[in-house]
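Listing of structure17.txt; format and content: compact mmCIF, C-alpha atoms.
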```txt
# COMPACT_ATOMS: atom_id res chain seq x y z
CA MET A 390 227.62 14.95 237.56
CA ASN A 391 225.56 16.81 240.13
CA ILE A 392 226.35 15.34 243.55
CA LEU A 393 224.58 15.87 246.89
CA LEU A 394 226.54 15.16 250.07
CA LEU A 395 224.57 14.78 253.30
CA GLY A 396 226.13 15.82 256.62
CA SER A 397 227.92 18.62 258.43
CA GLY A 398 230.96 17.16 260.18
CA GLY A 399 234.67 16.70 259.64
CA ARG A 400 234.05 13.47 257.73
CA GLU A 401 231.80 15.34 255.29
CA HIS A 402 234.32 18.16 254.82
CA ALA A 403 237.00 15.59 253.93
CA LEU A 404 234.61 13.88 251.51
CA ALA A 405 233.59 17.22 250.00
CA TRP A 406 237.24 18.17 249.53
CA LYS A 407 237.91 14.91 247.69
CA ILE A 408 234.67 14.84 245.67
CA ALA A 409 235.15 18.46 244.59
CA SER A 410 238.52 17.53 243.04
CA SER A 411 236.95 14.82 240.83
CA THR A 412 236.87 15.36 237.06
CA LEU A 413 233.34 13.87 237.17
CA THR A 414 231.97 16.50 239.54
CA ASP A 415 230.15 19.33 237.79
CA ARG A 416 228.29 20.61 240.83
CA LEU A 417 228.60 19.67 244.50
CA ILE A 418 225.88 20.53 246.99
CA CYS A 419 226.12 19.75 250.71
CA ALA A 420 223.26 19.69 253.19
CA PRO A 421 223.56 21.24 255.68
CA GLY A 422 227.37 21.61 255.57
CA ASN A 423 229.57 23.89 257.69
CA ALA A 424 231.90 26.87 257.27
CA GLY A 425 234.70 24.76 255.81
CA ILE A 426 232.50 22.74 253.48
CA ALA A 427 231.15 26.02 252.08
CA ARG A 428 234.56 26.49 250.41
CA GLU A 429 234.16 23.22 248.50
CA ALA A 430 230.42 23.04 247.87
CA GLU A 431 227.15 24.94 247.78
CA CYS A 432 225.64 24.50 251.24
CA VAL A 433 221.86 24.30 251.55
CA ALA A 434 219.78 24.38 254.73
CA LEU A 435 218.09 21.00 254.86
CA ASP A 436 216.98 18.60 257.59
CA ILE A 437 218.57 15.36 256.39
CA ALA A 438 216.24 13.38 258.68
CA ASP A 439 213.37 14.59 256.46
CA HIS A 440 213.63 12.09 253.61
CA ALA A 441 210.91 13.77 251.56
CA ALA A 442 212.81 17.06 251.73
CA VAL A 443 216.03 15.34 250.63
CA ILE A 444 214.25 13.74 247.67
CA ALA A 445 212.69 17.08 246.70
CA CYS A 446 216.15 18.70 246.85
CA CYS A 447 217.54 15.98 244.56
CA LYS A 448 214.78 16.55 242.01
CA ARG A 449 215.09 20.33 242.19
CA HIS A 450 218.84 20.23 241.51
CA ALA A 451 218.87 17.24 239.11
CA ILE A 452 221.15 15.26 241.45
CA ASP A 453 222.88 12.24 239.87
CA LEU A 454 224.44 10.81 243.05
CA VAL A 455 223.76 11.20 246.77
CA VAL A 456 226.59 10.45 249.21
CA VAL A 457 225.33 9.88 252.76
CA GLY A 458 227.83 10.85 255.45
CA PRO A 459 226.35 10.09 258.91
CA GLU A 460 224.92 6.84 260.22
CA ALA A 461 221.50 7.99 261.46
CA PRO A 462 219.95 8.61 258.00
CA LEU A 463 221.33 5.26 256.78
CA VAL A 464 219.81 3.36 259.70
CA ALA A 465 216.55 5.24 259.05
CA GLY A 466 216.47 4.01 255.43
CA ILE A 467 217.39 7.13 253.44
CA VAL A 468 219.08 5.03 250.73
CA ASP A 469 215.96 2.87 250.28
CA ASP A 470 213.80 5.98 249.88
CA LEU A 471 216.18 7.59 247.38
CA VAL A 472 216.58 4.43 245.29
CA ALA A 473 212.78 4.01 245.23
CA GLU A 474 212.63 7.42 243.54
CA GLY A 475 215.26 6.42 240.97
CA ILE A 476 218.07 8.41 242.64
CA LYS A 477 221.50 6.74 242.90
CA ALA A 478 222.72 6.77 246.52
CA PHE A 479 225.98 5.64 248.11
CA GLY A 480 225.44 3.72 251.34
CA PRO A 481 223.72 0.60 252.69
CA SER A 482 219.99 -0.08 252.80
CA ARG A 483 218.08 0.15 256.07
CA LEU A 484 218.30 -3.62 256.63
CA ALA A 485 222.03 -3.70 255.82
CA ALA A 486 222.63 -0.69 258.10
CA ARG A 487 221.58 -2.84 261.08
CA LEU A 488 225.27 -3.75 261.26
CA GLU A 489 225.69 -0.41 263.03
CA GLY A 490 222.11 0.25 264.10
CA SER A 491 222.03 -2.80 266.39
CA LYS A 492 225.16 -4.08 268.12
CA GLY A 493 223.21 -7.16 269.18
CA PHE A 494 222.31 -7.94 265.55
CA THR A 495 225.99 -7.79 264.58
CA LYS A 496 227.13 -9.92 267.51
CA ASP A 497 224.53 -12.58 266.64
CA LEU A 498 225.66 -12.49 263.00
CA CYS A 499 229.26 -13.04 264.12
CA ARG A 500 228.27 -15.95 266.35
CA ALA A 501 226.24 -17.60 263.58
CA ASN A 502 229.00 -17.23 260.99
CA GLY A 503 232.13 -17.95 263.00
CA ILE A 504 233.43 -14.37 262.74
CA PRO A 505 235.99 -13.70 265.51
CA THR A 506 234.66 -11.24 268.09
CA ALA A 507 234.44 -10.79 271.86
CA ALA A 508 232.28 -13.22 273.85
CA TYR A 509 228.99 -11.51 274.78
CA GLU A 510 225.40 -11.70 275.93
CA ARG A 511 222.36 -9.48 275.21
CA PHE A 512 220.04 -8.08 277.89
CA THR A 513 216.68 -6.29 277.99
CA SER A 514 216.43 -5.72 281.77
CA THR A 515 218.62 -4.56 284.63
CA GLU A 516 218.97 -7.47 287.06
CA PRO A 517 220.08 -10.21 284.62
CA ALA A 518 222.64 -7.75 283.18
CA LYS A 519 224.04 -6.96 286.63
CA ALA A 520 224.16 -10.65 287.53
CA TYR A 521 226.15 -11.36 284.36
CA VAL A 522 228.60 -8.56 285.13
CA ARG A 523 229.11 -9.84 288.69
CA LYS A 524 229.74 -13.35 287.35
CA GLN A 525 232.20 -12.20 284.65
CA GLY A 526 234.10 -9.65 286.74
CA MET A 527 236.15 -6.66 285.60
CA PRO A 528 237.25 -5.45 283.12
CA ILE A 529 234.16 -5.68 280.93
CA VAL A 530 232.52 -3.67 278.13
CA ILE A 531 228.93 -2.39 278.33
CA LYS A 532 227.30 -1.19 275.10
CA ALA A 533 223.96 0.34 274.26
CA ASP A 534 222.46 -1.70 271.40
CA GLY A 535 221.41 1.28 269.27
CA LEU A 536 222.92 4.49 267.92
CA ALA A 537 224.26 6.71 270.70
CA ALA A 538 226.51 9.18 268.82
CA GLY A 539 229.71 7.60 270.11
CA LYS A 540 228.55 7.77 273.75
CA GLY A 541 227.08 4.27 274.04
CA VAL A 542 230.19 2.30 275.08
CA ILE A 543 231.37 2.23 278.69
CA ILE A 544 234.40 0.31 279.98
CA PRO A 545 234.01 0.35 283.77
CA GLU A 546 236.93 -0.29 286.07
CA GLU A 547 234.84 -1.19 289.12
CA LEU A 548 231.64 -3.16 289.69
CA ALA A 549 229.79 -0.11 291.04
CA GLU A 550 230.62 1.80 287.86
CA ALA A 551 229.39 -1.12 285.75
CA GLU A 552 226.10 -1.30 287.62
CA ALA A 553 225.65 2.47 287.34
CA ALA A 554 226.19 2.22 283.56
CA ILE A 555 223.53 -0.51 283.31
CA ASP A 556 221.10 1.59 285.38
CA MET A 557 221.79 4.62 283.20
CA MET A 558 221.15 2.77 279.94
CA PHE A 559 218.00 0.96 281.05
CA GLY A 560 216.88 4.14 282.82
CA GLY A 561 216.67 6.00 279.53
CA GLY A 562 219.95 7.90 279.74
CA LEU A 563 220.62 7.14 276.07
CA GLY A 564 216.99 7.07 274.96
CA GLN A 565 215.89 4.15 272.80
CA ALA A 566 219.54 3.28 272.07
CA GLY A 567 219.81 1.78 275.57
CA ALA A 568 216.56 -0.20 275.54
CA GLU A 569 218.74 -3.27 274.95
CA VAL A 570 222.30 -3.70 276.22
CA VAL A 571 225.17 -5.85 274.98
CA ILE A 572 227.78 -6.88 277.55
CA GLU A 573 231.00 -8.37 276.22
CA GLU A 574 234.45 -9.44 277.24
CA PHE A 575 237.24 -6.89 277.34
CA LEU A 576 239.66 -7.66 274.51
CA VAL A 577 243.38 -7.10 274.96
CA GLY A 578 245.47 -5.92 272.01
CA GLU A 579 245.91 -2.93 269.73
CA GLU A 580 242.91 -1.27 268.09
CA ALA A 581 242.72 -0.46 264.39
CA SER A 582 240.13 1.00 262.04
CA PHE A 583 239.76 -0.99 258.83
CA PHE A 584 237.71 0.07 255.82
CA ALA A 585 236.38 -1.91 252.88
CA LEU A 586 234.38 -0.67 249.90
CA CYS A 587 231.48 -3.01 249.13
CA ASP A 588 229.00 -3.47 246.27
CA GLY A 589 226.78 -6.26 247.62
CA GLU A 590 228.98 -9.01 246.12
CA THR A 591 232.57 -7.80 246.24
CA ALA A 592 234.57 -6.04 248.94
CA ILE A 593 237.91 -4.33 248.32
CA PRO A 594 240.13 -3.19 251.19
CA LEU A 595 240.80 0.51 251.65
CA ALA A 596 243.53 1.97 253.83
CA SER A 597 243.76 1.31 257.57
CA ALA A 598 243.89 3.90 260.33
CA GLN A 599 244.15 4.14 264.08
CA ASP A 600 241.74 6.33 266.05
CA HIS A 601 242.26 7.84 269.51
CA LYS A 602 238.94 7.58 271.35
CA ARG A 603 239.84 8.81 274.84
CA VAL A 604 239.70 12.54 275.48
CA GLY A 605 243.06 12.87 277.24
CA ASP A 606 246.73 12.30 276.53
CA GLY A 607 247.92 8.78 277.26
CA ASP A 608 244.46 7.43 276.36
CA THR A 609 242.91 8.71 279.58
CA GLY A 610 239.46 10.06 280.38
CA PRO A 611 236.06 9.30 278.83
CA ASN A 612 235.46 8.00 275.31
CA THR A 613 234.69 10.55 272.61
CA GLY A 614 233.74 10.49 268.94
CA GLY A 615 237.49 10.50 268.23
CA MET A 616 240.27 12.96 269.13
CA GLY A 617 242.59 12.18 266.22
CA ALA A 618 243.76 9.49 263.84
CA TYR A 619 246.61 8.46 261.59
CA SER A 620 247.04 6.21 258.56
CA PRO A 621 248.34 3.68 257.82
CA ALA A 622 248.12 1.71 261.07
CA PRO A 623 251.42 -0.24 261.35
CA VAL A 624 249.64 -3.07 263.18
CA MET A 625 247.66 -3.75 259.97
CA THR A 626 250.40 -5.65 258.14
CA PRO A 627 249.61 -7.23 254.73
CA GLU A 628 249.02 -10.53 256.54
CA MET A 629 246.65 -8.92 259.07
CA THR A 630 244.80 -7.14 256.26
CA ALA A 631 244.35 -10.43 254.39
CA ARG A 632 243.11 -12.17 257.56
CA THR A 633 240.65 -9.35 258.26
CA MET A 634 239.20 -9.65 254.77
CA ASP A 635 239.06 -13.48 254.85
CA GLU A 636 237.87 -13.96 258.44
CA ILE A 637 235.68 -10.90 259.05
CA VAL A 638 234.67 -8.81 256.02
CA VAL A 639 234.01 -11.52 253.40
CA PRO A 640 231.95 -13.75 255.77
CA THR A 641 229.91 -10.68 256.74
CA MET A 642 229.23 -9.86 253.09
CA ARG A 643 228.21 -13.48 252.45
CA ALA A 644 225.89 -13.54 255.48
CA MET A 645 224.20 -10.24 254.59
CA LYS A 646 223.56 -11.41 251.03
CA ALA A 647 222.11 -14.69 252.33
CA MET A 648 219.71 -12.67 254.53
CA GLY A 649 218.45 -10.81 251.48
CA SER A 650 220.08 -7.53 252.51
CA PRO A 651 223.34 -7.33 250.51
CA TYR A 652 225.76 -4.73 251.84
CA LYS A 653 226.69 -1.78 249.65
CA GLY A 654 228.74 1.21 250.73
CA VAL A 655 231.75 1.50 252.98
CA LEU A 656 232.09 -1.04 255.78
CA PHE A 657 234.13 0.24 258.72
CA ALA A 658 235.37 -2.53 260.99
CA GLY A 659 236.62 -1.49 264.40
CA LEU A 660 239.20 -4.17 265.18
CA MET A 661 241.23 -5.38 268.11
CA ILE A 662 244.44 -7.05 266.98
CA THR A 663 244.92 -9.74 269.61
CA LYS A 664 247.48 -12.51 270.06
CA GLU A 665 245.09 -14.79 268.17
CA GLY A 666 244.65 -12.31 265.31
CA PRO A 667 242.01 -9.74 264.35
CA LYS A 668 238.73 -9.67 266.25
CA LEU A 669 235.74 -7.47 265.43
CA ILE A 670 234.83 -4.91 268.09
CA GLU A 671 231.97 -3.38 266.10
CA TYR A 672 230.90 -2.32 262.62
CA ASN A 673 230.07 1.14 261.38
CA VAL A 674 228.20 1.50 258.11
CA ARG A 675 229.80 4.76 256.98
CA PHE A 676 233.19 6.41 256.78
CA GLY A 677 234.81 7.11 260.15
CA ASP A 678 235.41 10.49 261.71
CA PRO A 679 238.31 11.42 262.07
CA GLU A 680 239.58 8.51 259.97
CA THR A 681 238.11 9.90 256.72
CA GLN A 682 240.33 12.95 257.06
CA VAL A 683 243.50 10.84 256.90
CA LEU A 684 242.13 8.42 254.28
CA THR A 685 241.22 11.17 251.82
CA LEU A 686 244.66 12.76 252.24
CA ARG A 687 246.27 9.46 251.25
CA LEU A 688 243.87 8.49 248.43
CA MET A 689 245.52 9.12 245.08
CA SER A 690 242.61 7.87 242.95
CA ASP A 691 239.49 9.83 242.05
CA ILE A 692 236.90 8.91 244.70
CA VAL A 693 233.75 9.44 242.61
CA PRO A 694 234.17 6.44 240.24
CA ALA A 695 234.71 4.27 243.32
CA LEU A 696 231.47 5.48 244.90
CA ILE A 697 229.57 4.84 241.66
CA ALA A 698 231.10 1.36 241.27
CA SER A 699 229.92 0.52 244.79
CA CYS A 700 226.36 1.61 243.94
CA ASP A 701 226.37 -0.25 240.61
CA GLY A 702 227.93 -3.55 241.72
CA GLN A 703 231.08 -2.99 239.66
CA LEU A 704 233.91 -3.35 242.18
CA ARG A 705 235.09 -6.77 241.02
CA SER A 706 237.74 -5.35 238.67
CA PHE A 707 238.18 -2.04 240.49
CA ASP A 708 241.44 -0.81 241.97
CA LEU A 709 242.36 2.21 244.06
CA ARG A 710 245.80 3.80 244.37
CA TRP A 711 247.17 5.30 247.57
CA TYR A 712 250.04 7.65 248.34
CA PRO A 713 252.73 5.85 250.35
CA ASP A 714 252.88 8.86 252.68
CA ALA A 715 251.43 8.78 256.17
CA ALA A 716 248.65 11.16 257.24
CA LEU A 717 247.63 12.34 260.69
CA THR A 718 244.69 14.35 262.04
CA VAL A 719 244.52 16.21 265.37
CA VAL A 720 240.98 17.05 266.49
CA MET A 721 240.54 20.42 268.18
CA ALA A 722 237.48 20.39 270.42
CA ALA A 723 235.62 22.94 272.53
CA LYS A 724 236.70 22.95 276.18
CA GLY A 725 234.35 20.74 278.19
CA TYR A 726 233.88 18.17 275.41
CA PRO A 727 232.70 15.36 275.60
CA GLY A 728 230.62 16.94 278.37
CA ASP A 729 229.07 20.40 278.33
CA TYR A 730 230.78 22.98 276.12
CA GLN A 731 230.14 26.49 274.84
CA ARG A 732 229.36 27.47 271.25
CA GLY A 733 230.10 30.74 269.52
CA SER A 734 233.78 31.36 270.32
CA VAL A 735 235.79 32.91 267.46
CA ILE A 736 238.55 30.89 265.77
CA GLU A 737 241.43 32.74 264.10
CA GLY A 738 244.75 31.85 262.48
CA LEU A 739 243.33 29.18 260.18
CA GLU A 740 244.92 30.66 257.05
CA ALA A 741 248.36 30.74 258.66
CA ALA A 742 247.92 27.18 259.92
CA GLY A 743 246.82 25.93 256.50
CA GLY A 744 249.91 27.47 254.91
CA ILE A 745 252.22 24.82 256.41
CA GLU A 746 253.43 22.25 253.87
CA GLY A 747 251.20 19.18 253.65
CA VAL A 748 248.48 20.60 255.91
CA GLU A 749 244.72 20.58 255.30
CA ILE A 750 242.25 21.81 257.91
CA PHE A 751 238.89 20.07 257.87
CA HIS A 752 236.00 21.76 259.66
CA ALA A 753 233.58 19.80 261.84
CA GLY A 754 231.56 21.99 264.21
CA THR A 755 231.95 25.45 262.68
CA LYS A 756 229.75 28.13 261.18
CA LEU A 757 230.17 31.60 259.70
CA ASP A 758 228.97 34.45 261.91
CA GLY A 759 229.43 37.99 260.66
CA GLY A 760 232.32 36.96 258.46
CA LYS A 761 234.11 35.17 261.30
CA ILE A 762 234.44 31.42 261.81
CA VAL A 763 233.01 30.38 265.17
CA ALA A 764 232.79 27.09 267.05
CA ASN A 765 229.43 25.35 266.67
CA GLY A 766 229.95 21.90 268.15
CA GLY A 767 232.02 19.66 270.40
CA ARG A 768 234.62 18.47 267.90
CA VAL A 769 235.34 21.59 265.87
CA LEU A 770 238.41 21.18 263.63
CA GLY A 771 240.46 18.32 262.18
CA VAL A 772 243.97 19.69 261.69
CA SER A 773 245.47 17.23 259.22
CA ALA A 774 248.80 16.71 257.52
CA ARG A 775 250.64 14.33 255.22
CA GLY A 776 254.28 13.38 255.64
CA LYS A 777 256.82 10.77 254.60
CA THR A 778 256.45 9.25 258.08
CA VAL A 779 253.88 9.47 260.86
CA SER A 780 256.45 11.49 262.83
CA GLN A 781 256.70 14.08 260.05
CA ALA A 782 252.92 14.24 259.61
CA GLN A 783 252.55 14.63 263.37
CA ALA A 784 255.10 17.48 263.49
CA ARG A 785 253.33 19.33 260.66
CA ALA A 786 249.86 18.88 262.20
CA TYR A 787 250.93 20.19 265.61
CA ALA A 788 252.82 23.10 264.01
CA ALA A 789 249.50 24.02 262.39
CA VAL A 790 247.61 23.59 265.68
CA ASP A 791 250.02 26.02 267.31
CA ARG A 792 249.18 28.70 264.72
CA ILE A 793 245.45 28.51 265.44
CA GLU A 794 244.21 31.16 267.86
CA TRP A 795 241.34 29.64 269.81
CA PRO A 796 241.69 29.90 273.61
CA GLU A 797 238.36 28.13 274.09
CA GLY A 798 239.62 25.00 272.32
CA PHE A 799 241.89 22.10 273.25
CA CYS A 800 243.43 18.99 271.72
CA ARG A 801 245.42 15.93 272.66
CA ARG A 802 249.16 16.39 272.17
CA ASP A 803 250.03 12.73 271.58
CA ILE A 804 248.09 11.69 268.45
CA GLY A 805 250.03 8.97 266.64
CA TRP A 806 252.13 8.04 269.67
CA GLN A 807 252.10 4.30 268.99
CA ALA A 808 253.32 4.71 265.39
CA VAL A 809 255.91 7.32 266.35
CA LYS A 810 257.24 4.96 269.04
CA ARG A 811 257.55 2.20 266.40
CA GLU A 812 259.38 4.54 264.02
CA LYS A 813 261.93 5.45 266.69
CA ASN A 814 262.64 1.82 267.64
```

I need this file expressed as structure tokens, please.
Amino acid sequence: MNILLLGSGGREHALAWKIASSTLTDRLICAPGNAGIAREAECVALDIADHAAVIACCKRHAIDLVVVGPEAPLVAGIVDDLVAEGIKAFGPSRLAARLEGSKGFTKDLCRANGIPTAAYERFTSTEPAKAYVRKQGMPIVIKADGLAAGKGVIIPEELAEAEAAIDMMFGGGLGQAGAEVVIEEFLVGEEASFFALCDGETAIPLASAQDHKRVGDGDTGPNTGGMGAYSPAPVMTPEMTARTMDEIVVPTMRAMKAMGSPYKGVLFAGLMITKEGPKLIEYNVRFGDPETQVLTLRLMSDIVPALIASCDGQLRSFDLRWYPDAALTVVMAAKGYPGDYQRGSVIEGLEAAGGIEGVEIFHAGTKLDGGKIVANGGRVLGVSARGKTVSQAQARAYAAVDRIEWPEGFCRRDIGWQAVKREKN
């Protein structure tokens, strides 16, 4: 098969690495890709927001399957446009992608279908939102309704901070994403990332993971796109997995089908495991980043047949096998991230780092410049490792980090701390 992968981040490098190993893959093209993906695939310069250009690329290269990495093209309807041209595409339709494209849509769907989630209200203007916050008190969660590249969720600690967040969103600080705001209760518990593969009718659970959103050690500082992850998440016991499927994923699938927009693709549920059980924080309609890096390391099965089965509605009798090992990813980011950061600094030592047993280094924001790999984004590398335990995977990943020569970069030093603490007890 000729396969086109859309995207340029760490998630796409992990997918390219796994797709390239498939016996079904004859040719893998990635648009636009990065310096790491170029080792797995042919990278082509292409604006993936230009659907006509993507379709033309598919026809030019006789593409059999398109795998869409990021959320923005999905929300914009890239799958609809590809399918209309007779091109098989992995991912949800534009209407189904509203599960990520509008937090308010998802919250209303949960309310209508009895899916456990945080109590909330939706707002389209400043004063009613501020009045609600004053009535509810702190802590509280303020979310931009639309896509905000991981920057649209603020958890203020003081009322003044909450009001400033509301002013920022309605004032255009996040563009159209903040034209509507969802304000919800602060859930107490342990977060987990849960993935299910869906074909419009059937959903099968994939592995779980735990992300680390805050920029600093000890879960301090502002939220980011994710500073590291590990899999499996110990909090996702077999019982909790079953409850998540029965109480959250399956009712969502049923509701989307009833609306006439059946969900196909991967459904990524951000969960809070509370005393009452799993509650949905939010949905993403694509693989997570950095969770994909740890999932692909643990996936024993060929990924391509699974992607095709999702497109074709054939998951009912499908099964995936996983390595029992743990996997862990440490994100190395440019200093200043998630605020202002510099591009263009040279990264060395990657070969030595990748030589450690069990280690794979997935590129996110990198490019080749004069034969050297340079930083070209905020989150730049996903230093990943497998091990018999999370502790072993963690030790291998940080040993690799320490071999990378990049003074302009930084990382958290405590990725996996909750699982490591469990293993020691």

Inset, instruction - Using only C-alpha atoms, find the one residue out of A:Gly396, A:Gly526, A:Gly776, A:Gly503 that sits nearest to Pro462 in chain A. - result: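 For Pro462 in chain A, the nearest of the candidates is A:Gly396.
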
Legend entry - Exercise: Met689 in chain A partners within 8 Å, only C-alpha atoms, chain neighbours under 3 positions left out, as number ranges by chain: A: 709-712

Inset, instruction - Pick out the residues sitting within 6 Å of Ser620 in chain A, and hand them over as an MDAnalysis selection string; count only C-alpha atoms, and ignore anything fewer than 3 positions along from it in its own chain. - result: chainID A and resid 597:598 715:716

Neighbours of range 442-455 of chain A within 6 Å (all atoms listed in the file; same-chain residues fewer than 5 positions away dropped), as a PDB file with C-alpha atoms, keeping the file's coordinate frame?
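result-v3.pdb written:
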```
ATOM      1  CA  MET A 390     227.620  14.950 237.560  1.00  0.00           C
ATOM      2  CA  ASN A 391     225.560  16.810 240.130  1.00  0.00           C
ATOM      3  CA  ILE A 392     226.350  15.340 243.550  1.00  0.00           C
ATOM      4  CA  LEU A 393     224.580  15.870 246.890  1.00  0.00           C
ATOM      5  CA  LEU A 394     226.540  15.160 250.070  1.00  0.00           C
ATOM      6  CA  LYS A 477     221.500   6.740 242.900  1.00  0.00           C
ATOM      7  CA  ALA A 478     222.720   6.770 246.520  1.00  0.00           C
TER       8      ALA A 478
END
```

Inset, instruction - Determine, counting only C-alpha atoms, every residue of protein, DNA or RNA that lies within 12 Å of (223.5, -6.0, 285.9) in the file coordinates, then give the result as a ChimeraX atom specification. - result: /A:510-526,529,531,548-559,570-572

Legend entry - Expected answer as an MDAnalysis selection string: all residues with atoms within 10 Å of (226.5, 0.1, 270.1), all atoms listed in the file: chainID A and resid 488:493 495 531:542 566:567 569:571 670:673

Convert the current residue selection to file output with C-alpha atoms, as a PDB file, keeping the file's coordinate frame.
```pdb
ATOM      1  CA  LEU A 488     225.270  -3.750 261.260  1.00  0.00           C
ATOM      2  CA  GLU A 489     225.690  -0.410 263.030  1.00  0.00           C
ATOM      3  CA  GLY A 490     222.110   0.250 264.100  1.00  0.00           C
ATOM      4  CA  SER A 491     222.030  -2.800 266.390  1.00  0.00           C
ATOM      5  CA  LYS A 492     225.160  -4.080 268.120  1.00  0.00           C
ATOM      6  CA  GLY A 493     223.210  -7.160 269.180  1.00  0.00           C
ATOM      7  CA  THR A 495     225.990  -7.790 264.580  1.00  0.00           C
ATOM      8  CA  ILE A 531     228.930  -2.390 278.330  1.00  0.00           C
ATOM      9  CA  LYS A 532     227.300  -1.190 275.100  1.00  0.00           C
ATOM     10  CA  ALA A 533     223.960   0.340 274.260  1.00  0.00           C
ATOM     11  CA  ASP A 534     222.460  -1.700 271.400  1.00  0.00           C
ATOM     12  CA  GLY A 535     221.410   1.280 269.270  1.00  0.00           C
ATOM     13  CA  LEU A 536     222.920   4.490 267.920  1.00  0.00           C
ATOM     14  CA  ALA A 537     224.260   6.710 270.700  1.00  0.00           C
ATOM     15  CA  ALA A 538     226.510   9.180 268.820  1.00  0.00           C
ATOM     16  CA  GLY A 539     229.710   7.600 270.110  1.00  0.00           C
ATOM     17  CA  LYS A 540     228.550   7.770 273.750  1.00  0.00           C
ATOM     18  CA  GLY A 541     227.080   4.270 274.040  1.00  0.00           C
ATOM     19  CA  VAL A 542     230.190   2.300 275.080  1.00  0.00           C
ATOM     20  CA  ALA A 566     219.540   3.280 272.070  1.00  0.00           C
ATOM     21  CA  GLY A 567     219.810   1.780 275.570  1.00  0.00           C
ATOM     22  CA  GLU A 569     218.740  -3.270 274.950  1.00  0.00           C
ATOM     23  CA  VAL A 570     222.300  -3.700 276.220  1.00  0.00           C
ATOM     24  CA  VAL A 571     225.170  -5.850 274.980  1.00  0.00           C
ATOM     25  CA  ILE A 670     234.830  -4.910 268.090  1.00  0.00           C
ATOM     26  CA  GLU A 671     231.970  -3.380 266.100  1.00  0.00           C
ATOM     27  CA  TYR A 672     230.900  -2.320 262.620  1.00  0.00           C
ATOM     28  CA  ASN A 673     230.070   1.140 261.380  1.00  0.00           C
TER      29      ASN A 673
END
```

Report the closest atom pair, with its distance in Å rounded to one decimal, for each residue of range 695-754 of chain A that has an atom no farther than 8 Å from range 786-790 of chain A; count only C-alpha atoms, sort by chain and then rising residue number, and write it as a tab-separated table.
```
residue	atom	partner	partner_atom	distance
A:Leu717	CA	A:Ala786	CA	7.1
A:Thr718	CA	A:Ala786	CA	6.9
A:Val719	CA	A:Ala786	CA	6.8
A:Ala741	CA	A:Ala789	CA	7.8
A:Ala742	CA	A:Ala789	CA	4.3
A:Gly743	CA	A:Ala789	CA	6.7
A:Ile745	CA	A:Ala789	CA	6.6
A:Val748	CA	A:Ala786	CA	6.7
```

Expected file contents, prior selection, C-alpha atoms, as an mmCIF file, in the coordinates of the input:
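What landed in again.cif:
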```
data_model
loop_
_atom_site.group_PDB
_atom_site.id
_atom_site.type_symbol
_atom_site.label_atom_id
_atom_site.label_comp_id
_atom_site.auth_asym_id
_atom_site.auth_seq_id
_atom_site.Cartn_x
_atom_site.Cartn_y
_atom_site.Cartn_z
ATOM 1 C CA LEU A 717 247.630 12.340 260.690
ATOM 2 C CA THR A 718 244.690 14.350 262.040
ATOM 3 C CA VAL A 719 244.520 16.210 265.370
ATOM 4 C CA ALA A 741 248.360 30.740 258.660
ATOM 5 C CA ALA A 742 247.920 27.180 259.920
ATOM 6 C CA GLY A 743 246.820 25.930 256.500
ATOM 7 C CA ILE A 745 252.220 24.820 256.410
ATOM 8 C CA VAL A 748 248.480 20.600 255.910
#
```

Please define a box with edges along x, y and z of the file around all atoms of range 606-619 of chain A given in the file, extend it by 5 Å on each side, and return its centre and edge lengths in Å to one decimal, as AutoDock Vina command-line options.
```
--center_x 240.8 --center_y 10.2 --center_z 271.0 --size_x 24.2 --size_y 15.5 --size_z 28.8
```

Inset, instruction - Can you pull out every residue within 9 Å of Asp758 in chain A, counting all atoms listed in the file, but drop anything in the same chain fewer than 5 positions away, and send it as a PyMOL selection string? - result: chain A and resi 733+735+763

Inset, instruction - Have a look at A:Leu463, A:Ala596, A:Leu576, A:Ile637 and name the one nearest to Pro623 in chain A; count only C-alpha atoms. - result: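 Nearest candidate to Pro623 in chain A out of A:Leu463, A:Ala596, A:Leu576, A:Ile637: A:Ala596.
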
Inset, instruction - Tell me which of A:Met648, A:Leu669, A:Leu739, A:Met616 sits closest to Ala723 in chain A, counting all atoms listed in the file. - result: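 So, comparing all the options, the nearest one is A:Met616.
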
Inset, instruction - Enter the distance from CA of Glu749 in chain A to CA of Gln599 in chain A, in Å, rounded to one decimal. - result: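 Between these atoms lies a distance of 18.6 Å.
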
Inset, instruction - For CA of Ala581 in chain A and CA of Ile426 in chain A, determine how far apart the two atoms are, in Å to one decimal place. - result: 27.6 Å

Legend entry - Among listed residues A:Met527, A:Ile697, A:Leu484, A:Ala782, nearest Pro651 in chain A (using only C-alpha atoms):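 Using only C-alpha atoms, the shortest distance to Pro651 in chain A belongs to A:Leu484.
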
Can you list, as a CSV table (one decimal) with C-alpha atoms, keeping the file's coordinate frame, every protein, DNA or RNA residue that comes within 8 Å of Lys668 in chain A when you count all atoms listed in the file, leaving out same-chain residues fewer than 2 positions away?
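To be explicit, this is the file written out as selection35.csv:
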```csv
chain,number,residue,atom,x,y,z
A,504,ILE,CA,233.4,-14.4,262.7
A,505,PRO,CA,236.0,-13.7,265.5
A,506,THR,CA,234.7,-11.2,268.1
A,507,ALA,CA,234.4,-10.8,271.9
A,637,ILE,CA,235.7,-10.9,259.0
A,660,LEU,CA,239.2,-4.2,265.2
A,661,MET,CA,241.2,-5.4,268.1
A,662,ILE,CA,244.4,-7.0,267.0
A,663,THR,CA,244.9,-9.7,269.6
A,666,GLY,CA,244.6,-12.3,265.3
A,670,ILE,CA,234.8,-4.9,268.1
```
